[in-house]
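Asks: So I've got this file, start_39.txt, and it contains compact mmCIF, C-alpha atoms:
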# COMPACT_ATOMS: atom_id res chain seq x y z
CA MET A 370 -6.15 -19.93 -0.81
CA LYS A 371 -5.02 -19.46 2.80
CA THR A 372 -4.64 -16.02 4.33
CA CYS A 373 -2.24 -15.31 7.17
CA ILE A 374 -4.03 -15.34 10.53
CA ALA A 375 -1.63 -12.69 11.86
CA CYS A 376 -1.61 -10.07 9.06
CA GLY A 377 -4.25 -11.10 6.51
CA MET A 378 -1.83 -11.51 3.60
CA PRO A 379 -2.99 -14.06 0.99
CA MET A 380 -0.48 -16.95 0.88
CA GLU A 381 -0.29 -18.26 -2.69
CA ASN A 382 3.26 -19.56 -3.02
CA ILE A 383 5.23 -21.78 -0.70
CA SER A 384 7.65 -18.89 -0.10
CA ASP A 385 4.76 -16.88 1.39
CA PHE A 386 4.43 -19.38 4.26
CA ALA A 387 6.48 -19.25 7.43
CA ALA A 388 9.52 -21.55 7.07
CA ASN A 389 8.21 -22.54 3.59
CA ASP A 390 5.71 -24.78 5.42
CA GLN A 391 2.26 -24.81 3.80
CA GLY A 392 0.86 -26.36 6.97
CA LYS A 393 1.39 -23.07 8.81
CA ASP A 394 -1.44 -20.57 9.14
CA TYR A 395 0.84 -17.56 9.21
CA CYS A 396 3.17 -15.97 6.69
CA VAL A 397 6.89 -15.40 6.36
CA HIS A 398 6.47 -11.78 7.51
CA CYS A 399 4.78 -12.84 10.75
CA SER A 400 7.30 -15.47 11.78
CA ARG A 401 10.55 -15.31 13.71
CA SER A 402 13.78 -16.66 12.23
CA ASP A 403 13.07 -20.05 13.85
CA GLY A 404 9.68 -20.26 12.06
CA GLU A 405 7.55 -19.63 15.16
CA MET A 406 4.88 -16.95 15.00
CA GLN A 407 5.76 -13.55 16.44
CA SER A 408 4.12 -12.55 19.73
CA PHE A 409 1.42 -9.87 19.90
CA GLU A 410 3.93 -7.29 21.13
CA GLU A 411 6.52 -8.19 18.49
CA LYS A 412 3.95 -8.02 15.69
CA LYS A 413 2.56 -4.71 16.91
CA GLU A 414 6.05 -3.21 17.14
CA ASN A 415 7.05 -4.52 13.70
CA LEU A 416 3.83 -3.30 12.06
CA THR A 417 4.22 0.11 13.69
CA LYS A 418 7.82 0.42 12.46
CA PHE A 419 6.73 -0.71 9.01
CA ILE A 420 4.01 1.94 8.80
CA VAL A 421 6.43 4.65 9.94
CA ARG A 422 9.02 3.53 7.37
CA THR A 423 6.66 3.19 4.41
CA GLN A 424 4.20 6.05 5.07
CA GLY A 425 6.13 8.39 7.38
CA PHE A 426 3.35 8.57 9.96
CA ASP A 427 3.83 9.73 13.53
CA GLU A 428 4.75 6.72 15.68
CA SER A 429 1.69 6.89 17.95
CA ALA A 430 -0.67 7.20 14.94
CA ALA A 431 1.13 4.26 13.32
CA GLY A 432 0.70 2.27 16.54
CA ARG A 433 -3.06 2.88 16.50
CA ILE A 434 -3.30 1.75 12.85
CA ALA A 435 -1.28 -1.37 13.70
CA GLU A 436 -3.65 -2.20 16.57
CA ASN A 437 -6.70 -1.64 14.38
CA MET A 438 -5.25 -3.97 11.74
CA MET A 439 -4.53 -6.62 14.35
CA ARG A 440 -7.97 -6.28 15.94
CA LYS A 441 -9.56 -7.76 12.78
CA LEU A 442 -7.26 -10.79 12.59
CA PRO A 443 -7.93 -14.23 14.12
CA ALA A 444 -4.47 -14.57 15.71
CA TRP A 445 -4.95 -11.49 17.90
CA LYS A 446 -8.68 -11.52 18.60
CA LYS A 447 -8.23 -12.62 22.22
CA TYR A 448 -6.11 -9.55 22.98
CA PHE A 449 -9.06 -7.27 22.20
CA ASP A 450 -11.94 -9.19 23.83
CA MET B 814 -10.79 -2.95 -3.41
CA GLY B 815 -8.48 -4.36 -0.73
CA ALA B 816 -8.45 -7.74 -2.46
CA SER B 817 -7.59 -6.14 -5.82
CA LEU B 818 -4.73 -4.23 -4.21
CA HIS B 819 -3.39 -7.42 -2.62
CA MET B 820 -2.84 -8.85 -6.08
CA LEU B 821 -0.70 -5.88 -7.15
CA ALA B 822 2.82 -6.80 -6.13
CA LYS B 823 2.43 -10.47 -6.99
CA LYS B 824 2.30 -9.78 -10.71
CA CYS B 825 4.43 -6.64 -10.72
CA ASP B 826 8.12 -7.01 -11.42
CA SER B 827 8.83 -3.30 -11.86
CA VAL B 828 7.75 0.00 -10.40
CA GLU B 829 6.20 0.98 -13.75
CA ASN B 830 3.94 -2.06 -13.73
CA LEU B 831 3.08 -1.56 -10.07
CA LEU B 832 2.01 2.05 -10.64
CA LYS B 833 0.03 1.07 -13.74
CA GLU B 834 -1.80 -1.60 -11.72
CA HIS B 835 -2.41 0.89 -8.90
CA LEU B 836 -3.97 3.31 -11.40
CA ASN B 837 -6.06 0.47 -12.88
CA VAL B 838 -7.51 -0.34 -9.46
CA LEU B 839 -8.12 3.32 -8.59
CA GLU B 840 -9.73 3.97 -11.98
CA GLU B 841 -12.08 1.05 -11.45
CA TYR B 842 -13.24 2.58 -8.15
CA GLU B 843 -12.56 6.23 -9.10
CA ALA B 844 -15.89 7.79 -8.11
CA PHE B 845 -15.97 5.99 -4.76
CA TYR B 846 -12.29 6.57 -4.02
CA SER B 847 -12.42 10.29 -4.88
CA ARG B 848 -15.35 10.76 -2.53
CA LEU B 849 -13.61 8.72 0.15
CA ILE B 850 -10.47 10.86 0.15
CA SER B 851 -12.45 14.11 0.00
CA GLU B 852 -14.67 13.18 2.97
CA LYS B 853 -12.28 11.04 4.98
CA ASN B 854 -11.82 13.47 7.86
CA ARG B 855 -15.57 13.65 8.45
CA LEU B 856 -16.06 9.88 8.49
CA PRO B 857 -16.47 7.76 11.66
CA ASP B 858 -13.31 6.35 13.23
CA GLU B 859 -14.07 2.84 11.96
CA ALA B 860 -14.14 4.07 8.33
CA LYS B 861 -10.96 6.13 8.84
CA SER B 862 -9.28 3.06 10.23
CA THR B 863 -10.35 0.94 7.24
CA PHE B 864 -8.95 3.60 4.90
CA ALA B 865 -5.63 3.61 6.77
CA ILE B 866 -5.46 -0.19 6.54
CA ILE B 867 -6.11 -0.12 2.78
CA GLN B 868 -3.38 2.50 2.29
CA SER B 869 -1.00 0.41 4.40
CA THR B 870 -1.68 -2.54 2.11
CA VAL B 871 -0.76 -0.38 -0.89
CA ALA B 872 2.34 0.86 0.96
CA PHE B 873 3.38 -2.74 1.66
CA HIS B 874 3.26 -3.71 -2.01
CA PHE B 875 4.81 -0.42 -3.12
CA SER B 876 7.73 -0.81 -0.70
CA SER B 877 8.45 -4.42 -1.73
CA VAL B 878 8.77 -3.44 -5.39
CA ILE B 879 10.52 -0.11 -4.91
CA GLU B 880 13.11 -1.55 -2.50
CA ARG B 881 14.06 -4.13 -5.14
CA GLU B 882 14.50 -1.31 -7.67
CA ILE B 883 16.59 0.77 -5.27
CA GLU B 884 18.82 -2.26 -4.68
CA LYS B 885 19.18 -2.75 -8.45
CA GLY B 886 20.15 0.92 -8.76
CA THR B 887 17.29 1.87 -11.09
CA VAL B 888 15.48 4.11 -8.57
CA LYS B 889 17.07 6.91 -6.53
CA LYS B 890 17.88 6.07 -2.93
CA LEU B 891 15.19 8.18 -1.27
CA PRO B 892 13.19 7.36 1.88
CA ILE B 893 10.43 4.85 1.04
CA HIS B 894 7.74 6.95 2.71
CA MET B 895 8.64 10.00 0.60
CA LEU B 896 8.56 7.97 -2.61
CA PHE B 897 5.18 6.54 -1.61
CA ASN B 898 3.68 9.82 -0.36
CA THR B 899 4.86 11.72 -3.45
CA TRP B 900 3.06 9.25 -5.73
CA LEU B 901 -0.08 9.23 -3.60
CA GLY B 902 -0.03 13.02 -3.27
CA LEU B 903 0.21 13.45 -7.04
CA VAL B 904 -2.65 11.05 -7.77
CA HIS B 905 -4.85 12.48 -5.00
CA TYR B 906 -4.28 16.05 -6.25
CA TYR B 907 -5.70 15.14 -9.66
CA LEU B 908 -8.62 13.24 -8.13
CA LEU B 909 -9.50 16.03 -5.69
CA ASN B 910 -9.33 18.67 -8.42
CA LYS B 911 -11.05 16.71 -11.14
CA GLU B 912 -13.24 19.69 -12.13
CA PHE B 913 -10.12 21.66 -13.09
CA PHE B 914 -8.43 18.83 -14.96
CA SER B 915 -11.48 17.60 -16.84
CA ASP B 916 -14.73 19.33 -17.69
CA THR B 917 -16.52 16.15 -18.65
CA ASN B 918 -17.43 12.97 -16.81
CA GLU B 919 -14.40 11.13 -18.14
CA SER B 920 -12.01 9.48 -15.73
CA VAL B 921 -9.28 11.93 -14.73
CA LEU B 922 -6.94 9.00 -14.13
CA ARG B 923 -7.54 7.63 -17.61
CA ARG B 924 -6.99 11.04 -19.21
CA TYR B 925 -3.74 11.86 -17.36
CA ARG B 926 -2.45 8.35 -16.83
CA ALA B 927 0.54 8.59 -19.20
CA GLU B 928 1.56 12.02 -17.91
CA LEU B 929 1.30 11.02 -14.24
CA LEU B 930 3.34 7.89 -14.83
CA SER B 931 6.08 9.50 -16.89
CA ALA B 932 6.44 12.55 -14.63
CA TYR B 933 6.67 10.48 -11.46
CA LEU B 934 8.99 7.86 -12.93
CA ASN B 935 11.33 10.50 -14.30
CA LEU B 936 11.47 12.10 -10.85
CA ILE B 937 12.44 8.89 -9.07
CA LYS B 938 14.52 7.04 -11.67
CA LYS B 939 18.24 7.42 -12.00
CA GLU B 940 19.18 9.56 -15.01
CA SER B 941 20.33 6.56 -17.05
CA GLU B 942 16.84 5.07 -16.68
CA VAL B 943 14.72 7.85 -18.20
CA TYR B 944 11.11 6.77 -18.69
CA GLU B 945 9.49 7.72 -22.01
What does this structure look like when you write it as structure tokens?

Replies:
Amino acid sequence: MKTCIACGMPMENISDFAANDQGKDYCVHCSRSDGEMQSFEEKKENLTKFIVRTQGFDESAAGRIAENMMRKLPAWKKYFD
Amino acid sequence: MGASLHMLAKKCDSVENLLKEHLNVLEEYEAFYSRLISEKNRLPDEAKSTFAIIQSTVAFHFSSVIEREIEKGTVKKLPIHMLFNTWLGLVHYYLLNKEFFSDTNESVLRRYRAELLSAYLNLIKKESEVYE
């Protein structure tokens, strides 16, 4: 089973893949409406907002968690080297 | 533990089933998880970060299911983070005070599972959806 290179989510069903395309290495949550993968800044901002919305954390703490999540993922490795 | 949590929302079509699965995973790792939450603030930054990532995974699955229920009108329209934090706070309180809730080595989550589920679900469900 593939996992998303940009967020780590396991992609089991076709609807999990960006643009329903099983050839993609990233998921529906990490793609833009045109099917392209979000940029580093877009993903960081979206993850931060998501953490604030679902866990109520302070925005700067949420931003640090988002960066630490991204640090472990292949799509963003080059931004932390 | 992270992998087990990832499988939660996939097979959960209702908030009841999601919470039951969450308790199943926590019960499986209860001793480790209880120690983790009790010592988290004294752990190195790397371990704190891993804990935050695991909780964010749970929050992701929780929010996907609970938002569907809010849209269906079965769960009260409350902020997602308060619904999530209330559940987590309740479960953590029992884990952190295990010696008061159980004087044996039995799992506190197994012993209070039904009560935790029914109390929480009755707090968040609309009145027409009372959970028995």

Asks: How many Å lie between atom CA of Glu381 of chain A and atom CA of Asn415 of chain A, rounded to one decimal?

Replies: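 One can read the atom CA of Glu381 of chain A to atom CA of Asn415 of chain A distance as 22.6 Å.
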
Asks: Per residue of chain B within 8 Å of chain A, which atom pair is closest and at what distance in Å (one decimal), using all atoms listed in the file, listed by chain and increasing number, as CSV?

Replies:
residue,atom,partner,partner_atom,distance
B:His819,CA,A:Pro379,CA,7.6
B:Ser862,CA,A:Ile434,CA,6.7
B:Ala865,CA,A:Ile434,CA,6.8
B:Ile866,CA,A:Met438,CA,6.4
B:Ser869,CA,A:Ile420,CA,6.8
B:Ala872,CA,A:Thr423,CA,6.0
B:Phe873,CA,A:Thr423,CA,7.3
B:Ser876,CA,A:Thr423,CA,6.6
B:Pro892,CA,A:Arg422,CA,7.9
B:Ile893,CA,A:Thr423,CA,5.3
B:His894,CA,A:Thr423,CA,4.3
B:Met895,CA,A:Gly425,CA,7.4
B:Phe897,CA,A:Gln424,CA,6.8
B:Asn898,CA,A:Gln424,CA,6.6

Asks: B:Leu908, B:Ala932, B:Lys890, B:Thr870: which is nearest Leu849 of chain B, counting all atoms listed in the file?

Replies: B:Leu908

Asks: Calculate how many Å separate atom CA of Glu840 of chain B from atom CA of Leu442 of chain A, rounding to one decimal.

Replies: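 Result for atom CA of Glu840 of chain B versus atom CA of Leu442 of chain A: 28.8 Å, one decimal.
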
Asks: If we count all atoms listed in the file, what is near Trp445 of chain A at a cut-off of 10 Å, once residues fewer than 5 positions away on the same chain are taken out, given as a list in words?

Replies: Ile374, Ala375, Cys376, Ser408, Phe409, Lys412, Glu436, Met438, Met439, Arg440 and Asp450 of chain A

Asks: Of the candidates B:Tyr933, B:Phe845, B:Phe913, B:Phe875, which shows the shortest atom-to-atom distance to Trp900 of chain B, using all atoms listed in the file?

Replies: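 Looking only at the distances to Trp900 of chain B, the closest residue turns out to be B:Tyr933.
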
Asks: In Å, rounded to a single decimal, give me how far atom CA of Ile383 of chain A is from atom CA of Gln407 of chain A.

Replies: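 We find that atom CA of Gln407 of chain A and atom CA of Ile383 of chain A lie 19.0 Å from each other.
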
Asks: For Glu843 of chain B, work out the shell of residues within 10 Å, counting all atoms listed in the file and skipping chain neighbours fewer than 5 positions away, then give it as a CSV table (one decimal) with C-alpha atoms, in the coordinates of the input.

Replies:
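Result file is around.csv:
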chain,number,residue,atom,x,y,z
B,836,LEU,CA,-4.0,3.3,-11.4
B,837,ASN,CA,-6.1,0.5,-12.9
B,838,VAL,CA,-7.5,-0.3,-9.5
B,848,ARG,CA,-15.4,10.8,-2.5
B,849,LEU,CA,-13.6,8.7,0.2
B,908,LEU,CA,-8.6,13.2,-8.1
B,920,SER,CA,-12.0,9.5,-15.7
B,921,VAL,CA,-9.3,11.9,-14.7
B,922,LEU,CA,-6.9,9.0,-14.1
B,923,ARG,CA,-7.5,7.6,-17.6

Asks: Out of B:Asn910, B:Leu930, B:Arg924, B:Leu903, which residue has the shortest atom-to-atom distance to Leu831 of chain B when counting only C-alpha atoms?

Replies: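 When distances to Leu831 of chain B are compared using only C-alpha atoms, the smallest one comes from B:Leu930.
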